[in-house]
>>> print(open('upload_12.pdb').read())   # PDB, C-alpha atoms
ATOM      1  CA  MET M  29       4.507  19.025 -25.800  1.00  0.00           C
ATOM      2  CA  PHE M  30       3.184  20.424 -22.528  1.00  0.00           C
ATOM      3  CA  ARG M  31       2.678  24.172 -21.920  1.00  0.00           C
ATOM      4  CA  PHE M  32       1.694  25.396 -18.499  1.00  0.00           C
ATOM      5  CA  VAL M  33       1.862  28.638 -16.544  1.00  0.00           C
ATOM      6  CA  ASP M  34       4.186  29.190 -13.569  1.00  0.00           C
ATOM      7  CA  LEU M  35       1.555  28.610 -10.886  1.00  0.00           C
ATOM      8  CA  VAL M  36      -0.315  25.642 -12.262  1.00  0.00           C
ATOM      9  CA  ARG M  37      -3.047  24.893  -9.777  1.00  0.00           C
ATOM     10  CA  VAL M  38      -4.009  25.462  -6.189  1.00  0.00           C
ATOM     11  CA  ARG M  39      -5.951  22.707  -4.452  1.00  0.00           C
ATOM     12  CA  SER M  40      -6.723  21.927  -0.874  1.00  0.00           C
ATOM     13  CA  ALA M  41      -3.778  19.493  -0.790  1.00  0.00           C
ATOM     14  CA  TRP M  42      -1.006  21.304  -2.700  1.00  0.00           C
ATOM     15  CA  SER M  43       0.098  23.869  -5.192  1.00  0.00           C
ATOM     16  CA  TRP M  44       2.803  23.621  -7.858  1.00  0.00           C
ATOM     17  CA  VAL M  45       5.159  26.523  -8.241  1.00  0.00           C
ATOM     18  CA  ASN M  46       8.156  27.630 -10.295  1.00  0.00           C
ATOM     19  CA  PRO M  47       9.482  30.428  -8.042  1.00  0.00           C
ATOM     20  CA  ASP M  48      11.449  33.432  -9.246  1.00  0.00           C
ATOM     21  CA  GLY M  49      15.183  32.785  -9.278  1.00  0.00           C
ATOM     22  CA  LEU M  50      14.873  29.196 -10.597  1.00  0.00           C
ATOM     23  CA  PRO M  51      14.451  27.909 -14.152  1.00  0.00           C
ATOM     24  CA  LYS M  52      10.835  27.579 -15.304  1.00  0.00           C
ATOM     25  CA  PRO M  53      10.700  24.297 -17.250  1.00  0.00           C
ATOM     26  CA  GLU M  54       7.611  23.453 -19.259  1.00  0.00           C
ATOM     27  CA  VAL M  55       7.487  19.736 -18.419  1.00  0.00           C
ATOM     28  CA  TYR M  56       7.767  19.863 -14.613  1.00  0.00           C
ATOM     29  CA  ARG M  57       7.559  22.218 -11.619  1.00  0.00           C
ATOM     30  CA  GLN M  58      10.282  23.056  -9.104  1.00  0.00           C
ATOM     31  CA  LEU M  59       8.093  22.887  -5.966  1.00  0.00           C
ATOM     32  CA  SER M  60       5.006  21.196  -4.657  1.00  0.00           C
ATOM     33  CA  ILE M  61       3.548  22.815  -1.533  1.00  0.00           C
ATOM     34  CA  ALA M  62       1.470  20.411   0.571  1.00  0.00           C
ATOM     35  CA  THR M  63      -1.368  21.229   2.945  1.00  0.00           C
ATOM     36  CA  GLY M  64      -3.140  17.851   3.109  1.00  0.00           C
ATOM     37  CA  SER M  65      -3.412  15.607   6.127  1.00  0.00           C
ATOM     38  CA  ARG M  66      -2.177  12.240   4.748  1.00  0.00           C
ATOM     39  CA  LEU M  67       1.215  11.715   3.156  1.00  0.00           C
ATOM     40  CA  VAL M  68       1.306   8.782   0.719  1.00  0.00           C
ATOM     41  CA  PHE M  69       4.497   7.070  -0.471  1.00  0.00           C
ATOM     42  CA  LEU M  70       3.786   4.890  -3.493  1.00  0.00           C
ATOM     43  CA  ALA M  71       6.245   2.168  -4.468  1.00  0.00           C
ATOM     44  CA  GLY M  72       7.757   2.420  -7.919  1.00  0.00           C
ATOM     45  CA  GLN M  73       5.198   1.477 -10.546  1.00  0.00           C
ATOM     46  CA  VAL M  74       6.201  -0.426 -13.659  1.00  0.00           C
ATOM     47  CA  ALA M  75       4.652  -1.708 -16.881  1.00  0.00           C
ATOM     48  CA  ARG M  76       2.500  -4.478 -15.429  1.00  0.00           C
ATOM     49  CA  ASP M  77      -1.267  -4.880 -15.621  1.00  0.00           C
ATOM     50  CA  ALA M  78      -3.437  -5.891 -12.636  1.00  0.00           C
ATOM     51  CA  ALA M  79      -2.592  -9.563 -13.194  1.00  0.00           C
ATOM     52  CA  GLY M  80       1.156  -8.820 -13.284  1.00  0.00           C
ATOM     53  CA  ASN M  81       1.469  -9.298 -17.042  1.00  0.00           C
ATOM     54  CA  PRO M  82       4.153  -7.254 -18.856  1.00  0.00           C
ATOM     55  CA  ILE M  83       2.931  -4.292 -20.921  1.00  0.00           C
ATOM     56  CA  GLY M  84       4.817  -2.652 -23.787  1.00  0.00           C
ATOM     57  CA  GLU M  85       7.867  -4.885 -24.088  1.00  0.00           C
ATOM     58  CA  GLY M  86      10.632  -2.791 -25.638  1.00  0.00           C
ATOM     59  CA  ASP M  87       8.334   0.268 -25.906  1.00  0.00           C
ATOM     60  CA  LEU M  88       9.340   3.082 -23.542  1.00  0.00           C
ATOM     61  CA  ALA M  89       6.237   5.201 -24.244  1.00  0.00           C
ATOM     62  CA  ALA M  90       3.884   2.270 -23.527  1.00  0.00           C
ATOM     63  CA  GLN M  91       5.744   1.442 -20.316  1.00  0.00           C
ATOM     64  CA  VAL M  92       5.642   5.056 -19.092  1.00  0.00           C
ATOM     65  CA  GLU M  93       1.922   5.187 -19.860  1.00  0.00           C
ATOM     66  CA  GLN M  94       1.253   1.987 -17.884  1.00  0.00           C
ATOM     67  CA  ALA M  95       3.327   3.132 -14.903  1.00  0.00           C
ATOM     68  CA  TYR M  96       1.373   6.418 -14.743  1.00  0.00           C
ATOM     69  CA  LEU M  97      -1.933   4.552 -15.108  1.00  0.00           C
ATOM     70  CA  ASN M  98      -0.892   2.252 -12.241  1.00  0.00           C
ATOM     71  CA  ILE M  99      -0.244   5.315 -10.071  1.00  0.00           C
ATOM     72  CA  GLY M 100      -3.743   6.555 -10.903  1.00  0.00           C
ATOM     73  CA  THR M 101      -5.199   3.150  -9.999  1.00  0.00           C
ATOM     74  CA  ALA M 102      -3.299   3.005  -6.704  1.00  0.00           C
ATOM     75  CA  MET M 103      -4.412   6.511  -5.761  1.00  0.00           C
ATOM     76  CA  ALA M 104      -8.046   5.735  -6.623  1.00  0.00           C
ATOM     77  CA  GLY M 105      -7.793   2.675  -4.382  1.00  0.00           C
ATOM     78  CA  ILE M 106      -7.199   4.909  -1.347  1.00  0.00           C
ATOM     79  CA  GLY M 107      -9.759   7.574  -2.229  1.00  0.00           C
ATOM     80  CA  GLY M 108      -7.435   9.877  -4.137  1.00  0.00           C
ATOM     81  CA  SER M 109      -6.387  10.428  -7.735  1.00  0.00           C
ATOM     82  CA  PHE M 110      -3.302  11.123  -9.805  1.00  0.00           C
ATOM     83  CA  ASP M 111      -4.054  14.817  -9.205  1.00  0.00           C
ATOM     84  CA  ASP M 112      -3.052  14.263  -5.554  1.00  0.00           C
ATOM     85  CA  VAL M 113       0.502  13.302  -6.529  1.00  0.00           C
ATOM     86  CA  ALA M 114       2.943  15.927  -5.263  1.00  0.00           C
ATOM     87  CA  LYS M 115       6.212  14.537  -6.684  1.00  0.00           C
ATOM     88  CA  LEU M 116       7.425  11.850  -9.055  1.00  0.00           C
ATOM     89  CA  THR M 117      10.770  10.110  -9.402  1.00  0.00           C
ATOM     90  CA  ILE M 118      11.257   8.459 -12.791  1.00  0.00           C
ATOM     91  CA  TYR M 119      13.954   5.847 -13.311  1.00  0.00           C
ATOM     92  CA  VAL M 120      14.794   5.114 -16.965  1.00  0.00           C
ATOM     93  CA  VAL M 121      17.130   2.345 -18.090  1.00  0.00           C
ATOM     94  CA  ASP M 122      20.046   3.645 -20.185  1.00  0.00           C
ATOM     95  CA  TRP M 123      18.668   7.191 -20.215  1.00  0.00           C
ATOM     96  CA  SER M 124      19.751   9.567 -22.961  1.00  0.00           C
ATOM     97  CA  PRO M 125      18.121  12.853 -24.020  1.00  0.00           C
ATOM     98  CA  ASP M 126      16.906  11.311 -27.286  1.00  0.00           C
ATOM     99  CA  LYS M 127      14.427   9.273 -25.181  1.00  0.00           C
ATOM    100  CA  MET M 128      12.629  12.441 -23.995  1.00  0.00           C
ATOM    101  CA  PRO M 129      10.008  12.382 -26.811  1.00  0.00           C
ATOM    102  CA  LEU M 130       9.049   8.790 -25.896  1.00  0.00           C
ATOM    103  CA  LEU M 131       8.827   9.709 -22.217  1.00  0.00           C
ATOM    104  CA  GLY M 132       6.618  12.679 -23.103  1.00  0.00           C
ATOM    105  CA  GLU M 133       4.442  10.538 -25.385  1.00  0.00           C
ATOM    106  CA  GLY M 134       3.766   8.038 -22.608  1.00  0.00           C
ATOM    107  CA  VAL M 135       2.998  10.783 -20.087  1.00  0.00           C
ATOM    108  CA  THR M 136       0.672  12.549 -22.533  1.00  0.00           C
ATOM    109  CA  ARG M 137      -1.266   9.355 -23.330  1.00  0.00           C
ATOM    110  CA  ALA M 138      -1.651   8.487 -19.638  1.00  0.00           C
ATOM    111  CA  ALA M 139      -2.731  12.034 -18.775  1.00  0.00           C
ATOM    112  CA  ALA M 140      -5.411  11.908 -21.487  1.00  0.00           C
ATOM    113  CA  LYS M 141      -6.745   8.585 -20.164  1.00  0.00           C
ATOM    114  CA  LEU M 142      -6.663   9.784 -16.542  1.00  0.00           C
ATOM    115  CA  GLY M 143      -8.019  13.243 -17.386  1.00  0.00           C
ATOM    116  CA  VAL M 144      -5.269  14.943 -15.367  1.00  0.00           C
ATOM    117  CA  ASP M 145      -2.524  17.519 -15.614  1.00  0.00           C
ATOM    118  CA  PRO M 146       0.625  15.335 -15.478  1.00  0.00           C
ATOM    119  CA  VAL M 147       3.079  18.124 -14.689  1.00  0.00           C
ATOM    120  CA  LYS M 148       4.580  17.673 -11.218  1.00  0.00           C
ATOM    121  CA  PRO M 149       7.944  18.207  -9.606  1.00  0.00           C
ATOM    122  CA  ILE M 150       9.947  15.372 -11.147  1.00  0.00           C
ATOM    123  CA  THR M 151      13.352  13.834 -10.638  1.00  0.00           C
ATOM    124  CA  LEU M 152      14.519  11.878 -13.692  1.00  0.00           C
ATOM    125  CA  LEU M 153      17.305   9.360 -13.142  1.00  0.00           C
ATOM    126  CA  GLY M 154      19.109   7.169 -15.633  1.00  0.00           C
ATOM    127  CA  VAL M 155      19.832   3.698 -14.263  1.00  0.00           C
ATOM    128  CA  ALA M 156      21.697   0.653 -15.550  1.00  0.00           C
ATOM    129  CA  ALA M 157      18.825  -1.761 -14.879  1.00  0.00           C
ATOM    130  CA  LEU M 158      15.584  -2.228 -12.960  1.00  0.00           C
ATOM    131  CA  GLY M 159      14.208  -5.199 -11.017  1.00  0.00           C
ATOM    132  CA  GLU M 160      13.262  -7.262 -14.070  1.00  0.00           C
ATOM    133  CA  PRO M 161      15.086  -7.370 -17.414  1.00  0.00           C
ATOM    134  CA  ASP M 162      12.110  -6.284 -19.578  1.00  0.00           C
ATOM    135  CA  LEU M 163      11.482  -3.078 -17.599  1.00  0.00           C
ATOM    136  CA  LEU M 164      12.550   0.204 -19.189  1.00  0.00           C
ATOM    137  CA  VAL M 165      11.023   2.600 -16.650  1.00  0.00           C
ATOM    138  CA  GLU M 166       9.823   2.763 -13.057  1.00  0.00           C
ATOM    139  CA  VAL M 167       7.856   5.686 -11.606  1.00  0.00           C
ATOM    140  CA  GLU M 168       7.707   6.381  -7.872  1.00  0.00           C
ATOM    141  CA  ALA M 169       5.197   8.841  -6.411  1.00  0.00           C
ATOM    142  CA  THR M 170       4.627  10.853  -3.272  1.00  0.00           C
ATOM    143  CA  ALA M 171       1.118  12.203  -2.748  1.00  0.00           C
ATOM    144  CA  ILE M 172      -0.835  14.282  -0.227  1.00  0.00           C
ATOM    145  CA  ILE M 173      -4.526  13.689   0.346  1.00  0.00           C
ATOM    146  CA  ASP M 174      -7.002  15.036   2.863  1.00  0.00           C
TER     147      ASP M 174
END
>>> encode(input="upload_12.pdb", output="structure tokens")
Amino acid sequence: MFRFVDLVRVRSAWSWVNPDGLPKPEVYRQLSIATGSRLVFLAGQVARDAAGNPIGEGDLAAQVEQAYLNIGTAMAGIGGSFDDVAKLTIYVVDWSPDKMPLLGEGVTRAAAKLGVDPVKPITLLGVAALGEPDLLVEVEATAIID
């Protein structure tokens, strides 16, 4: 499981903060403060490789990992990295708290491959379905880059 301090990192583009008066969760931050010059809105990323092939059918952890890796790829394509992501919105089909370990496993594996700190302000939403029947998760990102 993740363990991070209240003020995680300060970069030229943003800082993550858990301010006094709000809960201090270990797996995400309450605020992301941006100072960069370009705001990036990334479409929801799903478990598809570069050719559009499905990844991790029926495996939530594998699908989370691929979605995060796709965010890293998209950010690299515009001269940034996953570290430039300021906020994530994660949509999980039929969410229940017992899925949290699988979500964390996928995030941890992707973070290791990307060499990044994956903890960001996050909104987690349970949904009935996504755009294609095999998808279990979709991850949308907002980033700030100079």
>>> residues_near_point(input="upload_12.pdb", point="(20.7, 15.1, -18.3)", cutoff="10 Å", atoms="all atoms listed in the file", output="list of chain:residue names")
M:Trp123, M:Ser124, M:Pro125, M:Leu152, M:Leu153, M:Gly154
>>> closest_residue(input="upload_12.pdb", among="M:Gln94, M:Thr151, M:Thr117, M:Thr101", to="Arg137 (chain M)", atoms="all atoms listed in the file")
M:Gln94
>>> closest_residue(input="upload_12.pdb", among="M:Ile150, M:Val92, M:Met103, M:Asp48", to="Leu131 (chain M)", atoms="all atoms listed in the file")
M:Val92
>>> closest_residue(input="upload_12.pdb", among="M:Ala90, M:Leu70, M:Ile83, M:Ile172", to="Ala102 (chain M)", atoms="only C-alpha atoms")
M:Leu70
>>> atom_distance(input="upload_12.pdb", atom1="CA of Gly134 (chain M)", atom2="CA of Glu93 (chain M)")
4.4 Å
>>> residues_around(input="upload_12.pdb", residues="Glu85 (chain M)", least_positions_apart="6", cutoff="10 Å", atoms="all atoms listed in the file", output="PDB file with C-alpha atoms, in the coordinates of the input")
ATOM      1  CA  ALA M  75       4.652  -1.708 -16.881  1.00  0.00           C
ATOM      2  CA  GLN M  91       5.744   1.442 -20.316  1.00  0.00           C
ATOM      3  CA  ASP M 162      12.110  -6.284 -19.578  1.00  0.00           C
ATOM      4  CA  LEU M 163      11.482  -3.078 -17.599  1.00  0.00           C
ATOM      5  CA  LEU M 164      12.550   0.204 -19.189  1.00  0.00           C
TER       6      LEU M 164
END
>>> atom_distance(input="upload_12.pdb", atom1="CA of Gln73 (chain M)", atom2="CA of Tyr119 (chain M)")
10.2 Å
>>> axis_aligned_box(input="upload_12.pdb", around="region 74-81 of chain M", padding_each_side="4 Å", output="AutoDock Vina command-line options")
--center_x 1.4 --center_y -5.0 --center_z -14.8 --size_x 17.6 --size_y 17.1 --size_z 12.4
>>> residues_around(input="upload_12.pdb", residues="Glu133 (chain M)", least_positions_apart="3", cutoff="12 Å", atoms="all atoms listed in the file", output="list in words")
Met29, Phe30, Val55, Asp87, Leu88, Ala89, Ala90, Gln91, Val92, Glu93, Gln94, Tyr96, Lys127, Met128, Pro129, Leu130, Thr136, Arg137, Ala138, Ala139, Ala140 and Pro146 of chain M
>>> write_last_selection(input="upload_12.pdb", atoms="C-alpha atoms", output="short mmCIF file (atom, residue, chain, number, x, y, z; two decimals), in the coordinates of the input")
data_model
loop_
_atom_site.label_atom_id
_atom_site.label_comp_id
_atom_site.auth_asym_id
_atom_site.auth_seq_id
_atom_site.Cartn_x
_atom_site.Cartn_y
_atom_site.Cartn_z
CA MET M 29 4.51 19.02 -25.80
CA PHE M 30 3.18 20.42 -22.53
CA VAL M 55 7.49 19.74 -18.42
CA ASP M 87 8.33 0.27 -25.91
CA LEU M 88 9.34 3.08 -23.54
CA ALA M 89 6.24 5.20 -24.24
CA ALA M 90 3.88 2.27 -23.53
CA GLN M 91 5.74 1.44 -20.32
CA VAL M 92 5.64 5.06 -19.09
CA GLU M 93 1.92 5.19 -19.86
CA GLN M 94 1.25 1.99 -17.88
CA TYR M 96 1.37 6.42 -14.74
CA LYS M 127 14.43 9.27 -25.18
CA MET M 128 12.63 12.44 -24.00
CA PRO M 129 10.01 12.38 -26.81
CA LEU M 130 9.05 8.79 -25.90
CA THR M 136 0.67 12.55 -22.53
CA ARG M 137 -1.27 9.36 -23.33
CA ALA M 138 -1.65 8.49 -19.64
CA ALA M 139 -2.73 12.03 -18.77
CA ALA M 140 -5.41 11.91 -21.49
CA PRO M 146 0.62 15.34 -15.48
#
>>> closest_residue(input="upload_12.pdb", among="M:Gly143, M:Pro149, M:Gly72, M:Gly86", to="Lys115 (chain M)", atoms="all atoms listed in the file")
M:Pro149
>>> atom_distance(input="upload_12.pdb", atom1="CA of Leu67 (chain M)", atom2="CA of Ile99 (chain M)")
14.8 Å
>>> closest_residue(input="upload_12.pdb", among="M:Val135, M:Arg66, M:Val120, M:Arg76", to="Ala171 (chain M)", atoms="only C-alpha atoms")
M:Arg66
>>> closest_residue(input="upload_12.pdb", among="M:Ile173, M:Leu158, M:Val121, M:Val167", to="Ala71 (chain M)", atoms="all atoms listed in the file")
M:Val167
>>> resolve_selection(input="upload_12.pdb", expression="the PyMOL selection byres ((chain M and resi 170) around 6)", output="PyMOL selection string")
chain M and resi 68-69+113-115+169+171
>>> resolve_selection(input="upload_12.pdb", expression="the PyMOL selection byres ((chain M and resi 111) around 8)", output="list in words")
Gly108, Ser109, Phe110, Asp112, Val113, Val144, Asp145 and Pro146 of chain M
>>> build_atoms(input="upload_12.pdb", residues="region 72-105 of chain M", atoms="N, CA and C atoms", output="PDB file, in the coordinates of the input")
ATOM      1  N   GLY M  72       7.546   2.237  -6.485  1.00  0.00           N
ATOM      2  CA  GLY M  72       7.757   2.420  -7.919  1.00  0.00           C
ATOM      3  C   GLY M  72       6.812   1.554  -8.732  1.00  0.00           C
ATOM      4  N   GLN M  73       6.139   2.189  -9.688  1.00  0.00           N
ATOM      5  CA  GLN M  73       5.198   1.477 -10.546  1.00  0.00           C
ATOM      6  C   GLN M  73       5.862   1.198 -11.886  1.00  0.00           C
ATOM      7  N   VAL M  74       5.582   0.020 -12.417  1.00  0.00           N
ATOM      8  CA  VAL M  74       6.201  -0.426 -13.659  1.00  0.00           C
ATOM      9  C   VAL M  74       5.125  -0.854 -14.644  1.00  0.00           C
ATOM     10  N   ALA M  75       5.559  -1.322 -15.806  1.00  0.00           N
ATOM     11  CA  ALA M  75       4.652  -1.708 -16.881  1.00  0.00           C
ATOM     12  C   ALA M  75       4.107  -3.114 -16.668  1.00  0.00           C
ATOM     13  N   ARG M  76       3.196  -3.223 -15.707  1.00  0.00           N
ATOM     14  CA  ARG M  76       2.500  -4.478 -15.429  1.00  0.00           C
ATOM     15  C   ARG M  76       1.017  -4.173 -15.287  1.00  0.00           C
ATOM     16  N   ASP M  77       0.161  -5.055 -15.810  1.00  0.00           N
ATOM     17  CA  ASP M  77      -1.267  -4.880 -15.621  1.00  0.00           C
ATOM     18  C   ASP M  77      -1.661  -5.453 -14.258  1.00  0.00           C
ATOM     19  N   ALA M  78      -2.954  -5.441 -13.949  1.00  0.00           N
ATOM     20  CA  ALA M  78      -3.437  -5.891 -12.636  1.00  0.00           C
ATOM     21  C   ALA M  78      -3.079  -7.340 -12.343  1.00  0.00           C
ATOM     22  N   ALA M  79      -2.939  -8.151 -13.378  1.00  0.00           N
ATOM     23  CA  ALA M  79      -2.592  -9.563 -13.194  1.00  0.00           C
ATOM     24  C   ALA M  79      -1.075  -9.785 -13.161  1.00  0.00           C
ATOM     25  N   GLY M  80      -0.296  -8.704 -13.299  1.00  0.00           N
ATOM     26  CA  GLY M  80       1.156  -8.820 -13.284  1.00  0.00           C
ATOM     27  C   GLY M  80       1.778  -9.097 -14.645  1.00  0.00           C
ATOM     28  N   ASN M  81       0.965  -9.036 -15.696  1.00  0.00           N
ATOM     29  CA  ASN M  81       1.469  -9.298 -17.042  1.00  0.00           C
ATOM     30  C   ASN M  81       2.263  -8.098 -17.565  1.00  0.00           C
ATOM     31  N   PRO M  82       3.370  -8.351 -18.279  1.00  0.00           N
ATOM     32  CA  PRO M  82       4.153  -7.254 -18.856  1.00  0.00           C
ATOM     33  C   PRO M  82       3.354  -6.484 -19.913  1.00  0.00           C
ATOM     34  N   ILE M  83       3.570  -5.175 -19.946  1.00  0.00           N
ATOM     35  CA  ILE M  83       2.931  -4.292 -20.921  1.00  0.00           C
ATOM     36  C   ILE M  83       4.041  -3.554 -21.674  1.00  0.00           C
ATOM     37  N   GLY M  84       3.922  -3.476 -22.985  1.00  0.00           N
ATOM     38  CA  GLY M  84       4.817  -2.652 -23.787  1.00  0.00           C
ATOM     39  C   GLY M  84       6.259  -3.117 -23.830  1.00  0.00           C
ATOM     40  N   GLU M  85       6.489  -4.386 -24.047  1.00  0.00           N
ATOM     41  CA  GLU M  85       7.867  -4.885 -24.088  1.00  0.00           C
ATOM     42  C   GLU M  85       8.675  -4.134 -25.152  1.00  0.00           C
ATOM     43  N   GLY M  86       9.766  -3.527 -24.729  1.00  0.00           N
ATOM     44  CA  GLY M  86      10.632  -2.791 -25.638  1.00  0.00           C
ATOM     45  C   GLY M  86      10.120  -1.420 -26.044  1.00  0.00           C
ATOM     46  N   ASP M  87       8.984  -0.990 -25.518  1.00  0.00           N
ATOM     47  CA  ASP M  87       8.334   0.268 -25.906  1.00  0.00           C
ATOM     48  C   ASP M  87       8.302   1.223 -24.712  1.00  0.00           C
ATOM     49  N   LEU M  88       9.234   2.168 -24.673  1.00  0.00           N
ATOM     50  CA  LEU M  88       9.340   3.082 -23.542  1.00  0.00           C
ATOM     51  C   LEU M  88       8.057   3.874 -23.331  1.00  0.00           C
ATOM     52  N   ALA M  89       7.459   4.404 -24.396  1.00  0.00           N
ATOM     53  CA  ALA M  89       6.237   5.201 -24.244  1.00  0.00           C
ATOM     54  C   ALA M  89       5.115   4.375 -23.616  1.00  0.00           C
ATOM     55  N   ALA M  90       4.931   3.135 -24.075  1.00  0.00           N
ATOM     56  CA  ALA M  90       3.884   2.270 -23.527  1.00  0.00           C
ATOM     57  C   ALA M  90       4.156   1.949 -22.060  1.00  0.00           C
ATOM     58  N   GLN M  91       5.422   1.761 -21.698  1.00  0.00           N
ATOM     59  CA  GLN M  91       5.744   1.442 -20.316  1.00  0.00           C
ATOM     60  C   GLN M  91       5.547   2.650 -19.401  1.00  0.00           C
ATOM     61  N   VAL M  92       5.887   3.835 -19.874  1.00  0.00           N
ATOM     62  CA  VAL M  92       5.642   5.056 -19.092  1.00  0.00           C
ATOM     63  C   VAL M  92       4.141   5.222 -18.883  1.00  0.00           C
ATOM     64  N   GLU M  93       3.378   5.064 -19.949  1.00  0.00           N
ATOM     65  CA  GLU M  93       1.922   5.187 -19.860  1.00  0.00           C
ATOM     66  C   GLU M  93       1.362   4.228 -18.806  1.00  0.00           C
ATOM     67  N   GLN M  94       1.774   2.966 -18.837  1.00  0.00           N
ATOM     68  CA  GLN M  94       1.253   1.987 -17.884  1.00  0.00           C
ATOM     69  C   GLN M  94       1.659   2.322 -16.453  1.00  0.00           C
ATOM     70  N   ALA M  95       2.885   2.764 -16.253  1.00  0.00           N
ATOM     71  CA  ALA M  95       3.327   3.132 -14.903  1.00  0.00           C
ATOM     72  C   ALA M  95       2.479   4.278 -14.354  1.00  0.00           C
ATOM     73  N   TYR M  96       2.216   5.302 -15.174  1.00  0.00           N
ATOM     74  CA  TYR M  96       1.373   6.418 -14.743  1.00  0.00           C
ATOM     75  C   TYR M  96      -0.057   5.944 -14.469  1.00  0.00           C
ATOM     76  N   LEU M  97      -0.581   5.075 -15.336  1.00  0.00           N
ATOM     77  CA  LEU M  97      -1.933   4.552 -15.108  1.00  0.00           C
ATOM     78  C   LEU M  97      -1.988   3.759 -13.801  1.00  0.00           C
ATOM     79  N   ASN M  98      -0.933   3.007 -13.494  1.00  0.00           N
ATOM     80  CA  ASN M  98      -0.892   2.252 -12.241  1.00  0.00           C
ATOM     81  C   ASN M  98      -0.888   3.192 -11.039  1.00  0.00           C
ATOM     82  N   ILE M  99      -0.211   4.321 -11.152  1.00  0.00           N
ATOM     83  CA  ILE M  99      -0.244   5.315 -10.071  1.00  0.00           C
ATOM     84  C   ILE M  99      -1.668   5.815  -9.888  1.00  0.00           C
ATOM     85  N   GLY M 100      -2.345   6.120 -10.993  1.00  0.00           N
ATOM     86  CA  GLY M 100      -3.743   6.555 -10.903  1.00  0.00           C
ATOM     87  C   GLY M 100      -4.625   5.508 -10.250  1.00  0.00           C
ATOM     88  N   THR M 101      -4.428   4.246 -10.590  1.00  0.00           N
ATOM     89  CA  THR M 101      -5.199   3.150  -9.999  1.00  0.00           C
ATOM     90  C   THR M 101      -4.927   3.035  -8.503  1.00  0.00           C
ATOM     91  N   ALA M 102      -3.656   3.103  -8.128  1.00  0.00           N
ATOM     92  CA  ALA M 102      -3.299   3.005  -6.704  1.00  0.00           C
ATOM     93  C   ALA M 102      -3.917   4.152  -5.914  1.00  0.00           C
ATOM     94  N   MET M 103      -3.855   5.356  -6.459  1.00  0.00           N
ATOM     95  CA  MET M 103      -4.412   6.511  -5.761  1.00  0.00           C
ATOM     96  C   MET M 103      -5.929   6.394  -5.639  1.00  0.00           C
ATOM     97  N   ALA M 104      -6.591   5.920  -6.685  1.00  0.00           N
ATOM     98  CA  ALA M 104      -8.046   5.735  -6.623  1.00  0.00           C
ATOM     99  C   ALA M 104      -8.408   4.706  -5.555  1.00  0.00           C
ATOM    100  N   GLY M 105      -7.544   3.712  -5.370  1.00  0.00           N
ATOM    101  CA  GLY M 105      -7.793   2.675  -4.382  1.00  0.00           C
ATOM    102  C   GLY M 105      -7.770   3.164  -2.945  1.00  0.00           C
TER     103      GLY M 105
END
